[in-house]
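Here is the file final37.pdb (PDB, C-alpha atoms).
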ATOM      1  CA  MET A   1       0.000   0.000   0.000
ATOM      2  CA  THR A   2       2.839   2.402   0.699
ATOM      3  CA  ALA A   3       4.253   1.890  -2.804
ATOM      4  CA  GLU A   4       0.890   2.725  -4.291
ATOM      5  CA  LEU A   5       0.670   5.824  -2.104
ATOM      6  CA  LEU A   6       4.174   6.825  -3.129
ATOM      7  CA  VAL A   7       3.288   6.457  -6.836
ATOM      8  CA  ARG A   8       0.117   8.531  -6.392
ATOM      9  CA  ARG A   9       1.954  11.295  -4.575
ATOM     10  CA  SER A  10       4.751  11.423  -7.120
ATOM     11  CA  ALA A  11       2.220  11.447  -9.984
ATOM     12  CA  LEU A  12       0.373  14.319  -8.319
ATOM     13  CA  ALA A  13       3.623  16.147  -7.703
ATOM     14  CA  MET A  14       4.633  15.730 -11.362
ATOM     15  CA  ALA A  15       1.212  16.929 -12.525
ATOM     16  CA  PHE A  16       1.409  19.941 -10.226
ATOM     17  CA  ALA A  17       4.925  20.745 -11.413
ATOM     18  CA  GLY A  18       3.741  20.441 -15.016
ATOM     19  CA  LEU A  19       0.911  22.884 -14.336
ATOM     20  CA  LEU A  20       3.326  25.363 -12.786
ATOM     21  CA  VAL A  21       5.660  25.147 -15.771
ATOM     22  CA  ALA A  22       2.766  25.460 -18.218
ATOM     23  CA  GLY A  23       1.414  28.454 -16.294
ATOM     24  CA  ALA A  24       4.786  30.167 -16.272
ATOM     25  CA  TYR A  25       5.206  29.478 -19.982
ATOM     26  CA  ALA A  26       1.740  30.827 -20.765
ATOM     27  CA  GLN A  27       2.399  34.049 -18.861
ATOM     28  CA  ASP A  28       5.699  34.799 -20.561
ATOM     29  CA  PRO A  29       4.974  35.268 -24.276
ATOM     30  CA  THR A  30       7.753  34.807 -26.764
ATOM     31  CA  PRO A  31       9.022  37.824 -28.704
ATOM     32  CA  GLN A  32       7.128  36.601 -31.752
ATOM     33  CA  GLN A  33       3.893  36.378 -29.776
ATOM     34  CA  GLN A  34       4.558  39.881 -28.480
ATOM     35  CA  ASP A  35       5.009  41.022 -32.100
ATOM     36  CA  VAL A  36       1.667  39.494 -33.038
ATOM     37  CA  GLN A  37      -0.024  41.174 -30.067
ATOM     38  CA  SER A  38       1.602  44.474 -30.958
ATOM     39  CA  ASP A  39       0.506  44.124 -34.577
ATOM     40  CA  LYS A  40      -3.062  43.372 -33.505
ATOM     41  CA  LYS A  41      -3.017  46.469 -31.307
ATOM     42  CA  ASP A  42      -1.715  48.532 -34.247
ATOM     43  CA  ILE A  43      -4.472  47.155 -36.467
ATOM     44  CA  ARG A  44      -7.143  48.085 -33.921
ATOM     45  CA  GLN A  45      -5.696  51.600 -33.638
ATOM     46  CA  ASP A  46      -5.538  51.996 -37.422
ATOM     47  CA  LYS A  47      -9.156  50.904 -37.717
ATOM     48  CA  GLN A  48     -10.169  53.508 -35.148
ATOM     49  CA  ASP A  49      -8.169  56.198 -36.952
ATOM     50  CA  LEU A  50      -9.772  55.182 -40.224
ATOM     51  CA  ALA A  51     -13.264  55.442 -38.751
ATOM     52  CA  LYS A  52     -12.523  58.892 -37.292
ATOM     53  CA  ASP A  53     -11.040  60.135 -40.564
ATOM     54  CA  ARG A  54     -14.056  58.878 -42.511
ATOM     55  CA  ALA A  55     -16.392  60.670 -40.116
ATOM     56  CA  ASP A  56     -14.360  63.872 -40.540
ATOM     57  CA  ARG A  57     -14.434  63.535 -44.314
ATOM     58  CA  ASN A  58     -18.189  62.992 -44.304
ATOM     59  CA  ALA A  59     -18.746  66.034 -42.081
ATOM     60  CA  ASP A  60     -16.583  68.109 -44.409
ATOM     61  CA  GLN A  61     -18.578  66.872 -47.403
ATOM     62  CA  ARG A  62     -21.802  67.937 -45.669
ATOM     63  CA  ASP A  63     -20.253  71.382 -45.109
ATOM     64  CA  ILE A  64     -19.322  71.564 -48.793
ATOM     65  CA  ASN A  65     -22.857  70.688 -49.839
ATOM     66  CA  LYS A  66     -24.294  73.326 -47.491
ATOM     67  CA  ASP A  67     -21.870  75.950 -48.835
ATOM     68  CA  LYS A  68     -22.885  75.069 -52.397
ATOM     69  CA  ARG A  69     -26.560  75.563 -51.514
ATOM     70  CA  ASP A  70     -25.758  78.885 -49.814
ATOM     71  CA  LEU A  71     -23.768  79.991 -52.832
ATOM     72  CA  ALA A  72     -26.610  79.164 -55.217
ATOM     73  CA  LYS A  73     -29.118  80.998 -53.007
ATOM     74  CA  ASP A  74     -26.854  84.046 -52.729
ATOM     75  CA  ARG A  75     -26.360  84.108 -56.496
ATOM     76  CA  ALA A  76     -30.113  83.984 -57.036
ATOM     77  CA  ASP A  77     -30.577  86.852 -54.556
ATOM     78  CA  ARG A  78     -27.855  88.878 -56.261
ATOM     79  CA  ASN A  79     -29.407  88.290 -59.694
ATOM     80  CA  THR A  80     -32.818  89.379 -58.395
ATOM     81  CA  ASP A  81     -31.255  92.509 -56.910
ATOM     82  CA  GLN A  82     -29.454  93.229 -60.196
ATOM     83  CA  ARG A  83     -32.771  92.982 -62.050
ATOM     84  CA  ASP A  84     -34.248  95.435 -59.520
ATOM     85  CA  VAL A  85     -31.308  97.800 -60.137
ATOM     86  CA  ASN A  86     -31.833  97.614 -63.899
ATOM     87  CA  ARG A  87     -35.578  98.170 -63.547
ATOM     88  CA  ASP A  88     -34.996 101.167 -61.244
ATOM     89  CA  LYS A  89     -32.457 102.646 -63.690
ATOM     90  CA  LYS A  90     -35.003 102.426 -66.494
ATOM     91  CA  GLN A  91     -37.707 103.939 -64.312
ATOM     92  CA  LEU A  92     -35.353 106.738 -63.267
ATOM     93  CA  ALA A  93     -34.548 107.514 -66.894
ATOM     94  CA  LEU A  94     -38.247 107.580 -67.761
ATOM     95  CA  ASP A  95     -39.111 109.778 -64.759
ATOM     96  CA  ASP A  96     -36.221 112.149 -65.515
ATOM     97  CA  ALA A  97     -37.469 112.542 -69.080
ATOM     98  CA  LYS A  98     -41.112 112.864 -68.084
ATOM     99  CA  TYR A  99     -40.973 114.900 -64.823
ATOM    100  CA  GLY A 100     -37.430 116.319 -64.677
ATOM    101  CA  ALA A 101     -34.303 115.324 -62.754
ATOM    102  CA  ASN A 102     -35.371 116.940 -59.468
ATOM    103  CA  SER A 103     -38.933 115.647 -59.362
ATOM    104  CA  ALA A 104     -40.289 113.621 -56.444
ATOM    105  CA  GLN A 105     -40.598 110.516 -58.680
ATOM    106  CA  ALA A 106     -36.965 110.815 -59.775
ATOM    107  CA  LYS A 107     -35.797 111.219 -56.171
ATOM    108  CA  ALA A 108     -37.797 108.170 -55.115
ATOM    109  CA  ASP A 109     -36.329 106.199 -58.030
ATOM    110  CA  ARG A 110     -32.796 107.242 -57.012
ATOM    111  CA  LYS A 111     -33.503 106.116 -53.448
ATOM    112  CA  ASP A 112     -34.805 102.751 -54.699
ATOM    113  CA  LEU A 113     -31.787 102.426 -56.964
ATOM    114  CA  ARG A 114     -29.412 103.112 -54.047
ATOM    115  CA  ALA A 115     -31.155 100.515 -51.854
ATOM    116  CA  ASP A 116     -31.143  97.911 -54.649
ATOM    117  CA  ARG A 117     -27.440  98.489 -55.305
ATOM    118  CA  ALA A 118     -26.700  98.095 -51.580
ATOM    119  CA  ASP A 119     -28.660  94.814 -51.554
ATOM    120  CA  ARG A 120     -26.845  93.585 -54.636
ATOM    121  CA  ASN A 121     -23.446  94.463 -53.146
ATOM    122  CA  GLU A 122     -24.317  92.700 -49.882
ATOM    123  CA  ASP A 123     -25.325  89.596 -51.840
ATOM    124  CA  GLN A 124     -22.033  89.730 -53.747
ATOM    125  CA  ARG A 125     -20.133  89.872 -50.445
ATOM    126  CA  ASP A 126     -22.107  86.819 -49.296
ATOM    127  CA  ILE A 127     -21.167  85.028 -52.512
ATOM    128  CA  ASN A 128     -17.489  85.839 -52.006
ATOM    129  CA  LYS A 129     -17.637  84.604 -48.391
ATOM    130  CA  ASP A 130     -19.377  81.380 -49.481
ATOM    131  CA  LYS A 131     -16.682  80.794 -52.096
ATOM    132  CA  VAL A 132     -13.983  81.131 -49.427
ATOM    133  CA  ASP A 133     -15.884  78.768 -47.093
ATOM    134  CA  LEU A 134     -16.330  76.288 -49.911
ATOM    135  CA  ALA A 135     -12.615  76.333 -50.732
ATOM    136  CA  LYS A 136     -11.710  75.784 -47.042
ATOM    137  CA  ASP A 137     -14.178  72.913 -46.703
ATOM    138  CA  ARG A 138     -12.833  71.266 -49.842
ATOM    139  CA  ALA A 139      -9.274  71.574 -48.530
ATOM    140  CA  GLU A 140     -10.319  69.985 -45.219
ATOM    141  CA  ARG A 141     -12.142  67.180 -47.013
ATOM    142  CA  ASN A 142      -9.119  66.510 -49.195
ATOM    143  CA  ALA A 143      -6.833  66.437 -46.154
ATOM    144  CA  ASP A 144      -9.189  63.978 -44.463
ATOM    145  CA  GLN A 145      -9.183  61.805 -47.571
ATOM    146  CA  ARG A 146      -5.376  61.791 -47.546
ATOM    147  CA  ASP A 147      -5.519  60.717 -43.882
ATOM    148  CA  ILE A 148      -7.900  57.909 -44.811
ATOM    149  CA  ASN A 149      -5.589  56.727 -47.558
ATOM    150  CA  GLN A 150      -2.601  56.795 -45.184
ATOM    151  CA  ASP A 151      -4.558  54.864 -42.540
ATOM    152  CA  LYS A 152      -5.508  52.255 -45.129
ATOM    153  CA  THR A 153      -1.843  51.887 -46.067
ATOM    154  CA  ASP A 154      -0.849  51.582 -42.393
ATOM    155  CA  LEU A 155      -3.574  49.019 -41.823
ATOM    156  CA  ALA A 156      -2.417  46.925 -44.773
ATOM    157  CA  LYS A 157       1.207  47.048 -43.530
ATOM    158  CA  ASP A 158       0.184  46.097 -39.993
ATOM    159  CA  ARG A 159      -1.862  43.178 -41.287
ATOM    160  CA  ALA A 160       1.056  42.026 -43.412
ATOM    161  CA  ASP A 161       3.362  42.246 -40.373
ATOM    162  CA  ARG A 162       0.912  40.281 -38.266
ATOM    163  CA  ASN A 163       0.559  37.601 -40.941
ATOM    164  CA  LYS A 164       4.329  37.325 -41.334
ATOM    165  CA  ASP A 165       4.802  37.027 -37.574
ATOM    166  CA  GLN A 166       2.111  34.350 -37.403
ATOM    167  CA  LYS A 167       3.795  32.433 -40.238
ATOM    168  CA  ASP A 168       7.098  32.650 -38.358
ATOM    169  CA  ILE A 169       5.450  31.301 -35.220
ATOM    170  CA  ASN A 170       3.871  28.441 -37.145
ATOM    171  CA  LYS A 171       7.200  27.606 -38.790
ATOM    172  CA  ASP A 172       8.969  27.661 -35.431
ATOM    173  CA  LYS A 173       6.324  25.338 -34.009
ATOM    174  CA  ARG A 174       6.837  22.926 -36.919
ATOM    175  CA  ASP A 175      10.603  23.107 -36.446
ATOM    176  CA  LEU A 176      10.240  22.485 -32.705
ATOM    177  CA  HIS A 177       7.993  19.510 -33.341
ATOM    178  CA  LYS A 178      10.450  18.129 -35.887
ATOM    179  CA  ASP A 179      13.406  18.669 -33.509
ATOM    180  CA  ARG A 180      11.591  16.860 -30.690
ATOM    181  CA  LYS A 181      10.734  14.046 -33.040
ATOM    182  CA  ASP A 182      14.384  13.793 -34.124
ATOM    183  CA  LEU A 183      15.486  13.821 -30.481
ATOM    184  CA  ARG A 184      13.124  10.964 -29.639
ATOM    185  CA  ARG A 185      14.432   8.972 -32.609
ATOM    186  CA  ASP A 186      18.014   9.639 -31.556
ATOM    187  CA  ARG A 187      17.274   8.491 -28.015
ATOM    188  CA  ARG A 188      15.579   5.349 -29.246
ATOM    189  CA  GLY A 189      18.446   4.615 -31.594
ATOM    190  CA  ARG A 190      21.035   4.874 -28.814
ATOM    191  CA  LYS A 191      19.188   2.624 -26.367
TER     192      LYS A 191
END
Represent the structure from my file as structure tokens, please.
Amino acid sequence: MTAELLVRRSALAMAFAGLLVAGAYAQDPTPQQQDVQSDKKDIRQDKQDLAKDRADRNADQRDINKDKRDLAKDRADRNTDQRDVNRDKKQLALDDAKYGANSAQAKADRKDLRADRADRNEDQRDINKDKVDLAKDRAERNADQRDINQDKTDLAKDRADRNKDQKDINKDKRDLHKDRKDLRRDRRGRK
């Protein structure tokens, strides 16, 4: 009975020692495993950067579209004001000919003409401002697109690195298996 007890205890001790070794091995990753983990972390970061850059680009595109609508509206307003200016100039010429240059109608027409010109000039300033805004938004969108392209390149490189590291690990595992197999054969051959 004591021999059986001794065998059980030594088997348990060996199993426990094996668990300790396996636990220590599992906690201490090899440099290649660290490379794979690092590459995975890089890939996650690149994906996040890509998502942020796409959101920025889309926001910039919305700004561009809004600026285009503003520009079209301002141009329509300016054109309407220009038509008012032309109509007031014609009316002024008619009133000058009919009533004289200092008549009440001519003065009212000059006042209308001044107001219409002021409106037209204000609309032109709005157009110029919208053009500047549009150019800035396009520049921002283009910069965001360049960032997206760079992030895609980084992501592809990180994936390639990860795949290469994983292939190296797999090859090392095959080599280790083959070396152990050769060692067992050598031991059997010597006995």
Legend entry - Picked residues, the PyMOL selection byres ((chain A and resi 28-42) around 10), as a PyMOL selection string: chain A and resi 23-27+43-48+154-155+157-166+168-169+172
Inset, instruction - Taking the file as shown, find all residues satisfying the PyMOL selection byres ((chain A and resi 123) around 12) and write them as a ChimeraX atom specification. - result: /A:70-82,116-122,124-130
Residues in the PyMOL selection byres ((chain A and resi 148) around 10), expressed as a tab-separated table (two decimals) with C-alpha atoms, in the coordinates of the input:
chain	number	residue	atom	x	y	z
A	46	ASP	CA	-5.54	52.00	-37.42
A	49	ASP	CA	-8.17	56.20	-36.95
A	50	LEU	CA	-9.77	55.18	-40.22
A	51	ALA	CA	-13.26	55.44	-38.75
A	52	LYS	CA	-12.52	58.89	-37.29
A	53	ASP	CA	-11.04	60.14	-40.56
A	54	ARG	CA	-14.06	58.88	-42.51
A	56	ASP	CA	-14.36	63.87	-40.54
A	57	ARG	CA	-14.43	63.54	-44.31
A	142	ASN	CA	-9.12	66.51	-49.20
A	143	ALA	CA	-6.83	66.44	-46.15
A	144	ASP	CA	-9.19	63.98	-44.46
A	145	GLN	CA	-9.18	61.80	-47.57
A	146	ARG	CA	-5.38	61.79	-47.55
A	147	ASP	CA	-5.52	60.72	-43.88
A	149	ASN	CA	-5.59	56.73	-47.56
A	150	GLN	CA	-2.60	56.80	-45.18
A	151	ASP	CA	-4.56	54.86	-42.54
A	152	LYS	CA	-5.51	52.26	-45.13
A	153	THR	CA	-1.84	51.89	-46.07
A	154	ASP	CA	-0.85	51.58	-42.39
Which centre and which edge lengths, in Å to one decimal, describe the axis-aligned box that holds all listed atoms of segment 161-174 of chain A after 4 Å is added on each side, as JSON?
{"center_x": 4.8, "center_y": 32.6, "center_z": -37.7, "size_x": 16.4, "size_y": 27.3, "size_z": 15.3}
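The space between atom CA of Tyr99 of chain A and atom CA of Ala115 of chain A spans 21.7 Å.
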